[in-house]
file work.txt (compact mmCIF, C-alpha atoms)
# COMPACT_ATOMS: atom_id res chain seq x y z
CA MET A 28 8.91 -25.57 -4.96
CA GLY A 29 9.13 -21.75 -4.66
CA ALA A 30 7.30 -19.65 -2.09
CA ALA A 31 4.88 -18.35 -4.71
CA GLU A 32 3.98 -21.88 -5.82
CA LYS A 33 3.52 -23.05 -2.21
CA MET A 34 1.20 -20.15 -1.54
CA LEU A 35 -0.77 -20.78 -4.72
CA ASN A 36 -1.11 -24.48 -3.89
CA ALA A 37 -2.42 -23.61 -0.45
CA MET A 38 -4.98 -21.33 -2.06
CA MET A 39 -6.16 -24.16 -4.32
CA GLU A 40 -7.86 -25.78 -1.35
CA ASP A 41 -10.61 -23.19 -1.64
CA ASP A 42 -13.11 -24.40 -4.26
CA GLU A 43 -14.17 -20.90 -5.28
CA THR A 44 -13.48 -20.34 -8.99
CA GLN A 45 -13.36 -17.21 -11.06
CA THR A 46 -13.03 -16.48 -14.75
CA ARG A 47 -9.56 -15.20 -15.53
CA ALA A 48 -10.02 -13.66 -18.99
CA ASN A 49 -9.02 -16.20 -21.65
CA TYR A 50 -5.96 -17.48 -19.87
CA CYS A 51 -7.43 -19.69 -17.17
CA THR A 52 -10.78 -20.53 -15.67
CA SER A 53 -9.95 -20.82 -11.97
CA PHE A 54 -7.44 -19.64 -9.45
CA SER A 55 -5.96 -23.14 -9.27
CA GLU A 56 -4.91 -22.78 -12.92
CA ILE A 57 -2.99 -19.54 -12.52
CA PRO A 58 0.38 -20.18 -14.18
CA THR A 59 3.64 -19.74 -12.29
CA SER A 60 7.18 -19.38 -13.58
CA SER A 61 10.63 -19.06 -12.03
CA PHE A 62 11.50 -16.59 -14.80
CA THR A 63 12.86 -13.25 -13.55
CA VAL A 64 13.06 -9.90 -15.33
CA GLU A 65 15.79 -7.56 -14.18
CA VAL A 66 14.34 -4.13 -13.44
CA SER A 67 15.91 -1.71 -15.90
CA HIS A 68 15.47 2.00 -16.45
CA SER A 69 15.52 1.34 -20.20
CA LEU A 70 12.26 0.08 -21.71
CA SER A 71 14.17 -1.16 -24.76
CA ASP A 72 16.26 -3.41 -22.49
CA VAL A 73 13.37 -4.79 -20.47
CA SER A 74 10.84 -5.29 -23.31
CA PRO A 75 12.38 -8.45 -24.87
CA LEU A 76 12.55 -10.07 -21.43
CA VAL A 77 8.91 -9.22 -20.69
CA ILE A 78 7.86 -10.71 -24.04
CA GLU A 79 9.83 -13.87 -23.24
CA LEU A 80 8.15 -13.99 -19.83
CA CYS A 81 4.65 -13.73 -21.37
CA LYS A 82 5.42 -16.58 -23.75
CA ASP A 83 6.70 -18.70 -20.87
CA LEU A 84 3.70 -18.04 -18.62
CA PHE A 85 0.93 -18.22 -21.22
CA LYS A 86 1.54 -21.19 -23.50
CA LYS A 87 -1.08 -20.06 -26.04
CA TRP A 88 1.28 -17.19 -26.87
CA SER A 89 4.48 -19.23 -27.01
CA GLU A 90 4.52 -19.43 -30.82
CA LEU A 91 3.60 -15.79 -31.48
CA ASP A 92 6.20 -13.59 -33.13
CA ASP A 93 7.74 -10.93 -30.90
CA SER A 94 6.22 -8.30 -33.19
CA CYS A 95 2.78 -9.31 -31.83
CA PHE A 96 3.72 -7.83 -28.45
CA SER A 97 4.11 -4.20 -27.48
CA VAL A 98 5.38 -3.09 -24.05
CA GLU A 99 5.00 0.33 -22.49
CA THR A 100 5.55 1.83 -19.07
CA VAL A 101 2.44 2.60 -17.02
CA SER A 102 4.20 3.87 -13.91
CA GLY A 103 7.41 3.50 -11.98
CA GLY A 104 6.96 3.87 -8.25
CA ILE A 105 9.71 3.77 -5.65
CA THR A 106 9.32 0.00 -5.16
CA ASN A 107 7.74 -1.23 -8.42
CA LEU A 108 7.76 -0.95 -12.19
CA LEU A 109 4.36 -1.39 -13.84
CA LEU A 110 4.23 -2.26 -17.54
CA LYS A 111 1.35 -2.57 -19.98
CA VAL A 112 1.65 -5.38 -22.54
CA THR A 113 -0.62 -5.44 -25.59
CA VAL A 114 -0.79 -8.80 -27.38
CA LYS A 115 -2.17 -9.34 -30.89
CA GLU A 116 -3.34 -12.96 -31.02
CA GLU A 117 -3.49 -15.16 -34.10
CA ASN A 118 -7.25 -14.56 -34.45
CA GLY A 119 -6.65 -10.80 -34.60
CA ASN A 120 -7.90 -10.07 -31.09
CA GLU A 121 -5.89 -7.62 -29.01
CA LEU A 122 -5.53 -8.29 -25.28
CA MET A 123 -3.94 -6.07 -22.66
CA ILE A 124 -2.32 -7.16 -19.41
CA THR A 125 -0.11 -5.50 -16.82
CA VAL A 126 3.23 -6.86 -15.66
CA ARG A 127 4.40 -5.69 -12.24
CA LEU A 128 8.12 -6.03 -11.54
CA TYR A 129 9.13 -5.91 -7.90
CA GLY A 130 11.97 -3.55 -7.08
CA PRO A 131 15.25 -5.23 -6.05
CA ASN A 132 15.50 -6.18 -2.36
CA THR A 133 11.89 -5.20 -1.64
CA ASP A 134 11.42 -8.50 0.21
CA TYR A 135 13.14 -6.78 3.13
CA VAL A 136 10.08 -4.57 3.59
CA ILE A 137 7.25 -6.50 1.86
CA ASN A 138 5.83 -9.91 2.74
CA ARG A 139 5.14 -11.34 -0.72
CA GLU A 140 3.37 -14.47 0.58
CA ARG A 141 0.99 -12.28 2.57
CA GLU A 142 0.36 -10.19 -0.54
CA LEU A 143 -0.43 -13.23 -2.70
CA GLN A 144 -2.79 -14.63 -0.10
CA SER A 145 -4.78 -11.40 0.13
CA ILE A 146 -5.02 -10.77 -3.62
CA LYS A 147 -7.32 -13.75 -4.20
CA TYR A 148 -9.91 -12.63 -1.68
CA LEU A 149 -9.67 -8.94 -2.50
CA SER A 150 -10.12 -9.73 -6.19
CA ALA A 151 -13.19 -11.83 -5.40
CA ALA A 152 -14.57 -8.84 -3.47
CA GLY A 153 -14.07 -6.59 -6.49
CA PHE A 154 -10.85 -4.83 -5.52
CA GLY A 155 -7.84 -4.35 -7.76
CA ALA A 156 -6.88 -6.20 -10.90
CA LYS A 157 -7.29 -9.96 -11.34
CA LEU A 158 -4.20 -12.07 -10.77
CA LEU A 159 -3.26 -13.90 -13.99
CA GLY A 160 0.23 -15.22 -13.29
CA VAL A 161 3.14 -15.20 -10.85
CA PHE A 162 6.83 -15.23 -11.74
CA GLY A 163 10.19 -14.95 -10.00
CA ASN A 164 10.14 -11.22 -9.26
CA GLY A 165 6.63 -10.09 -10.02
CA MET A 166 3.11 -10.84 -11.14
CA VAL A 167 0.85 -10.46 -14.16
CA GLN A 168 -2.60 -8.94 -13.69
CA SER A 169 -5.54 -7.84 -15.79
CA PHE A 170 -5.30 -4.35 -17.28
CA ILE A 171 -7.35 -1.59 -15.66
CA ASN A 172 -8.36 1.11 -18.13
CA ALA A 173 -8.02 4.10 -15.83
CA ARG A 174 -5.65 6.85 -14.79
CA THR A 175 -3.65 7.05 -11.56
CA LEU A 176 -4.72 9.72 -9.08
CA THR A 177 -2.49 12.61 -8.01
CA PRO A 178 -2.29 13.88 -4.41
CA ALA A 179 -4.40 16.88 -5.50
CA ASP A 180 -7.12 14.53 -6.79
CA MET A 181 -7.54 12.92 -3.38
CA ARG A 182 -8.78 16.11 -1.74
CA LYS A 183 -11.51 16.73 -4.34
CA LYS A 184 -14.79 16.32 -2.48
CA LYS A 185 -16.41 13.87 -4.88
CA LEU A 186 -13.33 11.65 -5.11
CA ALA A 187 -12.69 11.86 -1.36
CA ALA A 188 -16.24 10.67 -0.70
CA GLU A 189 -15.83 7.76 -3.13
CA ILE A 190 -12.47 6.78 -1.62
CA ALA A 191 -14.10 6.76 1.83
CA LYS A 192 -16.98 4.55 0.62
CA GLN A 193 -14.62 2.11 -1.11
CA LEU A 194 -12.32 1.98 1.89
CA HIS A 195 -15.23 1.12 4.18
CA LYS A 196 -16.04 -1.83 1.89
CA PHE A 197 -12.37 -2.81 1.73
CA HIS A 198 -12.23 -2.92 5.52
CA LYS A 199 -15.12 -5.42 5.51
CA VAL A 200 -13.25 -8.03 3.42
CA GLU A 201 -12.55 -11.23 5.34
CA ILE A 202 -9.15 -12.81 4.75
CA PRO A 203 -8.69 -16.34 6.17
CA GLY A 204 -6.06 -16.85 8.83
CA SER A 205 -4.99 -14.86 11.85
CA LYS A 206 -6.79 -11.57 12.46
CA GLU A 207 -3.96 -10.34 14.67
CA PRO A 208 -3.01 -6.75 13.70
CA GLN A 209 0.46 -6.65 12.14
CA LEU A 210 1.26 -2.93 12.45
CA TRP A 211 3.53 -3.05 15.48
CA ASN A 212 5.11 -6.36 14.44
CA ASP A 213 6.06 -4.70 11.15
CA ILE A 214 7.32 -1.51 12.81
CA PHE A 215 9.51 -3.42 15.29
CA LYS A 216 10.87 -5.56 12.46
CA PHE A 217 11.67 -2.41 10.47
CA TYR A 218 13.33 -0.94 13.57
CA GLU A 219 15.54 -4.00 14.08
CA ASN A 220 16.75 -3.88 10.48
CA ALA A 221 17.00 -0.08 10.23
CA SER A 222 19.05 0.34 13.42
CA ILE A 223 22.01 -1.84 12.34
CA LEU A 224 22.79 -0.47 8.88
CA GLN A 225 26.20 0.42 7.48
CA PHE A 226 26.53 2.64 4.40
CA ASP A 227 29.50 2.54 2.02
CA ASP A 228 28.84 6.18 1.16
CA LEU A 229 30.60 8.19 3.91
CA GLU A 230 28.19 11.13 3.67
CA LYS A 231 25.23 8.82 4.05
CA GLN A 232 26.89 7.07 6.98
CA LYS A 233 27.56 10.39 8.76
CA LYS A 234 23.95 11.45 8.26
CA TYR A 235 22.71 8.03 9.43
CA GLU A 236 24.80 8.28 12.60
CA THR A 237 22.96 11.45 13.64
CA ILE A 238 19.84 9.34 14.29
CA SER A 239 19.19 8.47 17.93
CA PHE A 240 17.71 5.01 17.71
CA LYS A 241 17.14 5.03 21.45
CA ASP A 242 14.79 7.98 20.94
CA VAL A 243 13.12 6.27 17.98
CA TYR A 244 12.56 3.11 20.05
CA ASN A 245 11.06 5.08 22.92
CA ASP A 246 8.81 6.90 20.45
CA ILE A 247 7.56 3.57 19.11
CA LEU A 248 6.78 2.32 22.62
CA GLU A 249 4.99 5.56 23.52
CA ILE A 250 2.76 5.61 20.44
CA LYS A 251 2.06 1.87 20.66
CA GLU A 252 0.85 2.35 24.23
CA LEU A 253 -1.18 5.45 23.41
CA THR A 254 -2.93 3.96 20.37
CA GLY A 255 -3.63 0.81 22.37
CA LEU A 256 -5.80 2.84 24.76
CA LEU A 257 -8.09 3.89 21.90
CA ASN A 258 -9.44 0.38 21.26
CA ALA A 259 -9.43 1.08 17.53
CA PRO A 260 -11.27 -1.47 15.38
CA VAL A 261 -9.06 -4.07 13.70
CA VAL A 262 -9.81 -4.36 9.97
CA PHE A 263 -8.16 -5.77 6.90
CA ALA A 264 -6.23 -2.64 5.94
CA HIS A 265 -4.49 -1.54 2.75
CA ASN A 266 -1.75 0.32 4.70
CA ASP A 267 -0.42 2.23 1.68
CA LEU A 268 -3.21 4.48 0.44
CA LEU A 269 -1.12 7.01 -1.45
CA SER A 270 -2.42 8.60 -4.65
CA GLY A 271 -0.57 6.12 -6.87
CA ASN A 272 -2.59 3.25 -5.42
CA PHE A 273 -5.89 4.68 -6.64
CA MET A 274 -7.04 4.68 -10.25
CA VAL A 275 -10.13 6.25 -11.75
CA ASN A 276 -11.91 5.81 -15.04
CA ASP A 277 -13.30 9.31 -15.52
CA ASP A 278 -15.75 8.29 -18.26
CA GLU A 279 -17.33 5.59 -16.10
CA ALA A 280 -16.75 7.46 -12.81
CA LYS A 281 -15.28 4.24 -11.41
CA LEU A 282 -12.61 4.21 -8.70
CA TYR A 283 -10.15 1.37 -8.18
CA ILE A 284 -7.99 0.61 -5.15
CA ILE A 285 -4.87 -1.24 -6.31
CA ASP A 286 -1.54 -2.71 -5.11
CA PHE A 287 -1.84 -4.70 -1.90
CA GLU A 288 1.85 -5.13 -1.07
CA TYR A 289 1.50 -3.88 2.50
CA ALA A 290 -2.06 -5.07 3.15
CA SER A 291 -2.68 -6.89 6.43
CA TYR A 292 -4.95 -6.90 9.42
CA SER A 293 -4.30 -3.61 11.16
CA TYR A 294 -6.10 -0.67 12.74
CA ARG A 295 -8.80 1.37 11.02
CA GLY A 296 -7.26 4.63 12.25
CA PHE A 297 -3.85 3.74 10.83
CA ASP A 298 -5.23 3.16 7.33
CA ILE A 299 -7.12 6.46 7.33
CA GLY A 300 -4.41 8.48 9.09
CA ASN A 301 -1.81 7.11 6.69
CA HIS A 302 -4.04 8.08 3.77
CA PHE A 303 -4.35 11.65 5.08
CA ASN A 304 -0.56 11.85 5.44
CA GLU A 305 -0.30 10.99 1.75
CA TYR A 306 -2.09 14.20 0.77
CA ALA A 307 1.40 15.67 1.22
CA GLY A 308 2.86 13.62 -1.66
CA TYR A 309 6.46 12.40 -1.89
CA ASP A 310 7.63 15.98 -1.28
CA CYS A 311 6.05 15.77 2.18
CA ASP A 312 4.34 19.15 1.99
CA TYR A 313 2.34 18.70 5.18
CA SER A 314 0.61 22.02 4.73
CA LEU A 315 -1.60 19.92 2.42
CA TYR A 316 -2.76 17.64 5.25
CA PRO A 317 -6.59 17.75 5.23
CA ASN A 318 -8.18 20.24 7.63
CA LYS A 319 -10.88 19.19 10.06
CA ASP A 320 -13.74 19.95 7.65
CA GLU A 321 -12.10 17.85 4.94
CA GLN A 322 -11.52 15.01 7.40
CA TYR A 323 -15.13 15.12 8.59
CA HIS A 324 -16.30 15.00 4.96
CA PHE A 325 -14.26 11.80 4.56
CA PHE A 326 -15.49 10.34 7.88
CA ARG A 327 -19.10 11.09 6.97
CA HIS A 328 -18.90 8.96 3.81
CA TYR A 329 -16.79 6.29 5.48
CA LEU A 330 -19.13 5.80 8.44
CA GLN A 331 -22.48 6.30 6.72
CA ALA A 332 -22.17 6.04 2.96
CA GLU A 333 -25.94 5.89 2.45
CA LYS A 334 -26.84 8.56 5.02
CA PRO A 335 -23.69 10.68 5.37
CA HIS A 336 -25.46 13.50 7.20
CA GLU A 337 -26.66 11.23 10.00
CA VAL A 338 -23.23 10.64 11.57
CA SER A 339 -23.26 11.62 15.24
CA GLU A 340 -20.83 14.13 16.72
CA GLU A 341 -19.58 11.39 19.05
CA ASP A 342 -18.68 9.14 16.12
CA PHE A 343 -16.97 12.05 14.33
CA GLU A 344 -14.84 12.87 17.35
CA ALA A 345 -13.91 9.24 18.05
CA LEU A 346 -12.69 8.65 14.49
CA TYR A 347 -10.97 12.04 14.39
CA ILE A 348 -8.94 11.24 17.54
CA GLU A 349 -8.22 7.71 16.35
CA THR A 350 -6.98 8.93 12.96
CA ASP A 351 -5.02 11.84 14.41
CA THR A 352 -3.15 9.53 16.79
CA PHE A 353 -2.45 6.75 14.31
CA LYS A 354 -1.05 9.25 11.80
CA LEU A 355 1.95 9.35 14.18
CA ALA A 356 2.41 5.59 13.76
CA SER A 357 2.28 6.12 9.99
CA HIS A 358 5.22 8.53 10.17
CA LEU A 359 7.25 6.03 12.22
CA PHE A 360 6.39 3.16 9.86
CA TRP A 361 7.50 4.94 6.68
CA ALA A 362 10.49 6.65 8.30
CA LEU A 363 11.97 3.27 9.30
CA TRP A 364 10.96 1.75 5.95
CA ALA A 365 12.88 4.53 4.21
CA LEU A 366 16.09 3.73 6.11
CA ILE A 367 16.00 0.12 4.94
CA GLN A 368 15.32 1.27 1.38
CA ALA A 369 18.22 3.74 1.60
CA LYS A 370 20.52 0.77 2.07
CA MET A 371 18.84 -1.86 -0.10
CA SER A 372 17.20 -0.10 -3.04
CA PRO A 373 19.10 0.78 -6.24
CA ILE A 374 16.33 3.20 -7.23
CA ASP A 375 17.40 6.84 -7.52
CA PHE A 376 15.39 8.30 -4.64
CA ASP A 377 16.60 10.13 -1.53
CA TYR A 378 15.32 7.58 0.98
CA LEU A 379 17.60 8.85 3.73
CA GLY A 380 16.24 12.35 3.28
CA TYR A 381 12.74 10.87 3.30
CA PHE A 382 13.42 9.34 6.72
CA PHE A 383 14.18 12.78 8.16
CA LEU A 384 11.14 14.36 6.50
CA ARG A 385 8.84 11.75 8.06
CA TYR A 386 10.54 11.55 11.46
CA ASN A 387 10.81 15.31 11.84
CA GLU A 388 7.09 15.63 11.09
CA PHE A 389 6.42 12.96 13.70
CA LYS A 390 8.39 14.92 16.30
CA ARG A 391 6.61 18.15 15.35
CA LEU A 392 3.17 16.56 15.84
CA LYS A 393 3.81 14.16 18.71
CA GLU A 394 3.08 16.50 21.61
CA GLU A 395 -0.01 18.12 20.09
CA SER A 396 -1.63 14.89 18.85
CA GLY A 397 -0.62 13.00 21.99
CA SER A 398 -2.16 15.65 24.25
CA LEU A 399 -5.35 15.65 22.20
CA ALA A 400 -5.66 11.87 22.54
CA ARG A 401 -4.95 11.89 26.28
CA SER A 402 -7.48 14.66 26.86
CA TYR A 403 -10.09 12.70 24.92
CA LEU A 404 -9.32 9.51 26.85
CA SER A 405 -9.52 11.39 30.14
CA ARG A 406 -12.98 12.74 29.29
CA PHE A 407 -14.08 9.34 28.06
CA ARG A 408 -13.06 7.66 31.33
CA CYS A 409 -14.67 10.38 33.44
CA GLY A 410 -17.86 10.11 31.44

call {"tool": "encode", "arguments": {"input": "work.txt", "output": "structure tokens"}}
result
Amino acid sequence: MGAAEKMLNAMMEDDETQTRANYCTSFSEIPTSSFTVEVSHSLSDVSPLVIELCKDLFKKWSELDDSCFSVETVSGGITNLLLKVTVKEENGNELMITVRLYGPNTDYVINRERELQSIKYLSAAGFGAKLLGVFGNGMVQSFINARTLTPADMRKKKLAAEIAKQLHKFHKVEIPGSKEPQLWNDIFKFYENASILQFDDLEKQKKYETISFKDVYNDILEIKELTGLLNAPVVFAHNDLLSGNFMVNDDEAKLYIIDFEYASYSYRGFDIGNHFNEYAGYDCDYSLYPNKDEQYHFFRHYLQAEKPHEVSEEDFEALYIETDTFKLASHLFWALWALIQAKMSPIDFDYLGYFFLRYNEFKRLKEESGSLARSYLSRFRCG
């Protein structure tokens, strides 16, 4: 039995049932398959395999002609390929689903069992798409009729307020099991893997060898200790709130938080600080990091969605310091993640360059943000 099937069987013990479109009536009936679809840059190459997968997973479609299926690309991130499949059934009805293909070797940086466990409860709480099926290197989910946000969208006041409100609700979701925050476990695991790499490309290897992993390790210890002094609330966090993981239906003014690959119990300040870092986009233009007014606008709607103008100055400052300090941990997390991807991922993205962009920004901010946190803690203790 595969890991996905074991996880799904464990989930069956919960007697909560949900309607899953026309494919199944409860989570215990979600189909699984060992079928894999090789991630290809060519839609014409991948489409026949996706159609075969759909027929294998959903038996009611097994006899349909291939012409009843159409496959198109929704988005291609740096770890996933998301496809939209439209199916014309025998009765003339058209159904749409999404097929998410995991990038090769992403298991080095993503805990797929943890992701599957969280999806059930997040879906029940109204977050993301419904899980319809699991296969060898991906999952099938319900289709969300919405567009993906851009980094520029996230700083629009109305959308920022809605993101803050939704994130507050997200952080209230209860996921069974250990509530132990996973942030530093994940960072140390990334460090262990990232610090022993060997690249076949000589230029990459020379660039990699300029990294002082002793310095990186000491940085991790320093920020772990500093953030630990803040007593930040532990919540179920998304941990990857970049623009591509938000969708909005403009006609209905409905926002969706999607893709829970990195979700785990973690620190509130990390989730928000990481989100603010993502205003910079993949180009890492940190001049776009939200200013204090923009951050306070977000905090206001996160802390008091119903009465945003009643947030106290003390609460503002506490969350500001928490977020500002944990944004450093975010840079360390994704810098080390990028090194592993530089070795393991076949996707055409400059992961090694991304490491330096994130780590250099960490070094630029460390003294200022660290001093701010220590000053705050000093005042707090004296008070």

call {"tool": "residues_around", "arguments": {"input": "work.txt", "residues": "Glu344 (chain A)", "least_positions_apart": "3", "cutoff": "12 Å", "atoms": "all atoms listed in the file", "output": "VMD selection string"}}
result
chain A and resid 319 322 to 323 326 to 327 338 to 341 347 to 351 399 to 400 403 to 404 407

call {"tool": "closest_residue", "arguments": {"input": "work.txt", "among": "A:Asn272, A:Ser398, A:Thr63, A:Asn118", "to": "Pro178 (chain A)", "atoms": "all atoms listed in the file"}}
result
A:Asn272

call {"tool": "closest_residue", "arguments": {"input": "work.txt", "among": "A:Ser372, A:Asn220, A:Gln232, A:Ser291", "to": "Ala264 (chain A)", "atoms": "only C-alpha atoms"}}
result
A:Ser291

call {"tool": "closest_residue", "arguments": {"input": "work.txt", "among": "A:Ser270, A:Thr133, A:Asn258, A:Ser97", "to": "Trp364 (chain A)", "atoms": "all atoms listed in the file"}}
result
A:Thr133

call {"tool": "closest_residue", "arguments": {"input": "work.txt", "among": "A:Ser150, A:Ser169, A:Ser71, A:Gln368", "to": "Gly130 (chain A)", "atoms": "all atoms listed in the file"}}
result
A:Gln368

call {"tool": "residues_around", "arguments": {"input": "work.txt", "residues": "Asn212 (chain A)", "least_positions_apart": "3", "cutoff": "12 Å", "atoms": "only C-alpha atoms", "output": "compact mmCIF listing (two decimals) with C-alpha atoms, keeping the file's coordinate frame"}}
result
# COMPACT_ATOMS: atom_id res chain seq x y z
CA GLU A 207 -3.96 -10.34 14.67
CA PRO A 208 -3.01 -6.75 13.70
CA GLN A 209 0.46 -6.65 12.14
CA PHE A 215 9.51 -3.42 15.29
CA LYS A 216 10.87 -5.56 12.46
CA PHE A 217 11.67 -2.41 10.47
CA TYR A 218 13.33 -0.94 13.57
CA GLU A 219 15.54 -4.00 14.08
CA ILE A 247 7.56 3.57 19.11
CA LYS A 251 2.06 1.87 20.66
CA SER A 291 -2.68 -6.89 6.43
CA TYR A 292 -4.95 -6.90 9.42
CA SER A 293 -4.30 -3.61 11.16
CA PHE A 360 6.39 3.16 9.86

call {"tool": "closest_residue", "arguments": {"input": "work.txt", "among": "A:Met123, A:Val275, A:Leu194, A:Ala188", "to": "Leu159 (chain A)", "atoms": "only C-alpha atoms"}}
result
A:Met123

call {"tool": "residues_around", "arguments": {"input": "work.txt", "residues": "Glu79 (chain A)", "least_positions_apart": "6", "cutoff": "10 Å", "atoms": "only C-alpha atoms", "output": "PyMOL selection string"}}
result
chain A and resi 62+64+88-89+93

call {"tool": "residues_around", "arguments": {"input": "work.txt", "residues": "region 384-387 of chain A", "least_positions_apart": "6", "cutoff": "8 Å", "atoms": "all atoms listed in the file", "output": "list of chain:residue names"}}
result
A:Cys311, A:His358, A:Leu359, A:Trp361, A:Ala362

call {"tool": "atom_distance", "arguments": {"input": "work.txt", "atom1": "CA of Thr175 (chain A)", "atom2": "CA of Leu122 (chain A)"}}
result
20.7 Å

call {"tool": "closest_residue", "arguments": {"input": "work.txt", "among": "A:Tyr148, A:Tyr244, A:Tyr283, A:Phe263", "to": "Phe170 (chain A)", "atoms": "all atoms listed in the file"}}
result
A:Tyr283

call {"tool": "atom_distance", "arguments": {"input": "work.txt", "atom1": "CA of Phe353 (chain A)", "atom2": "CA of Asn132 (chain A)"}}
result
27.7 Å

call {"tool": "residues_around", "arguments": {"input": "work.txt", "residues": "Lys393 (chain A)", "least_positions_apart": "4", "cutoff": "8 Å", "atoms": "only C-alpha atoms", "output": "PyMOL selection string"}}
result
chain A and resi 355+389+397

call {"tool": "atom_distance", "arguments": {"input": "work.txt", "atom1": "CA of Asn107 (chain A)", "atom2": "CA of Asn304 (chain A)"}}
result
20.8 Å

call {"tool": "decode", "arguments": {"input": "work.txt", "residues": "region 126-140 of chain A", "atoms": "N, CA, C and O atoms", "output": "JSON list (two decimals), in the first residue's frame"}}
result
[["chain", "number", "residue", "atom", "x", "y", "z"],
["A", 126, "VAL", "N", -6.06, 19.11, -12.29],
["A", 126, "VAL", "CA", -5.07, 18.06, -12.03],
["A", 126, "VAL", "C", -3.76, 18.74, -11.67],
["A", 126, "VAL", "O", -3.26, 19.56, -12.45],
["A", 127, "ARG", "N", -3.27, 18.46, -10.49],
["A", 127, "ARG", "CA", -2.00, 19.07, -10.04],
["A", 127, "ARG", "C", -0.91, 18.02, -10.10],
["A", 127, "ARG", "O", -0.97, 16.99, -9.44],
["A", 128, "LEU", "N", 0.11, 18.28, -10.90],
["A", 128, "LEU", "CA", 1.26, 17.39, -11.03],
["A", 128, "LEU", "C", 2.40, 17.93, -10.19],
["A", 128, "LEU", "O", 2.82, 19.08, -10.35],
["A", 129, "TYR", "N", 2.90, 17.10, -9.27],
["A", 129, "TYR", "CA", 4.04, 17.52, -8.47],
["A", 129, "TYR", "C", 5.29, 17.59, -9.33],
["A", 129, "TYR", "O", 5.51, 16.73, -10.20],
["A", 130, "GLY", "N", 6.11, 18.58, -9.08],
["A", 130, "GLY", "CA", 7.40, 18.66, -9.77],
["A", 130, "GLY", "C", 8.30, 17.51, -9.36],
["A", 130, "GLY", "O", 8.19, 16.98, -8.24],
["A", 131, "PRO", "N", 9.19, 17.06, -10.23],
["A", 131, "PRO", "CA", 10.11, 15.97, -9.89],
["A", 131, "PRO", "C", 10.95, 16.31, -8.67],
["A", 131, "PRO", "O", 11.40, 17.44, -8.50],
["A", 132, "ASN", "N", 11.13, 15.32, -7.80],
["A", 132, "ASN", "CA", 12.00, 15.43, -6.62],
["A", 132, "ASN", "C", 11.50, 16.42, -5.56],
["A", 132, "ASN", "O", 12.26, 16.78, -4.66],
["A", 133, "THR", "N", 10.24, 16.85, -5.67],
["A", 133, "THR", "CA", 9.76, 17.82, -4.68],
["A", 133, "THR", "C", 9.56, 17.19, -3.30],
["A", 133, "THR", "O", 9.41, 17.91, -2.31],
["A", 134, "ASP", "N", 9.57, 15.85, -3.22],
["A", 134, "ASP", "CA", 9.45, 15.20, -1.92],
["A", 134, "ASP", "C", 10.63, 15.53, -1.01],
["A", 134, "ASP", "O", 10.54, 15.34, 0.21],
["A", 135, "TYR", "N", 11.72, 16.03, -1.59],
["A", 135, "TYR", "CA", 12.86, 16.44, -0.76],
["A", 135, "TYR", "C", 12.52, 17.67, 0.08],
["A", 135, "TYR", "O", 13.15, 17.89, 1.12],
["A", 136, "VAL", "N", 11.57, 18.46, -0.37],
["A", 136, "VAL", "CA", 11.26, 19.70, 0.35],
["A", 136, "VAL", "C", 9.80, 19.78, 0.81],
["A", 136, "VAL", "O", 9.43, 20.70, 1.52],
["A", 137, "ILE", "N", 8.96, 18.81, 0.41],
["A", 137, "ILE", "CA", 7.54, 18.85, 0.75],
["A", 137, "ILE", "C", 7.14, 17.51, 1.37],
["A", 137, "ILE", "O", 7.45, 16.45, 0.83],
["A", 138, "ASN", "N", 6.45, 17.58, 2.49],
["A", 138, "ASN", "CA", 5.93, 16.39, 3.16],
["A", 138, "ASN", "C", 4.52, 16.13, 2.63],
["A", 138, "ASN", "O", 3.56, 16.77, 3.04],
["A", 139, "ARG", "N", 4.42, 15.19, 1.67],
["A", 139, "ARG", "CA", 3.14, 14.96, 0.99],
["A", 139, "ARG", "C", 2.10, 14.34, 1.93],
["A", 139, "ARG", "O", 0.90, 14.61, 1.79],
["A", 140, "GLU", "N", 2.52, 13.51, 2.89],
["A", 140, "GLU", "CA", 1.56, 12.94, 3.82],
["A", 140, "GLU", "C", 0.95, 14.04, 4.69],
["A", 140, "GLU", "O", -0.25, 14.04, 4.97]]
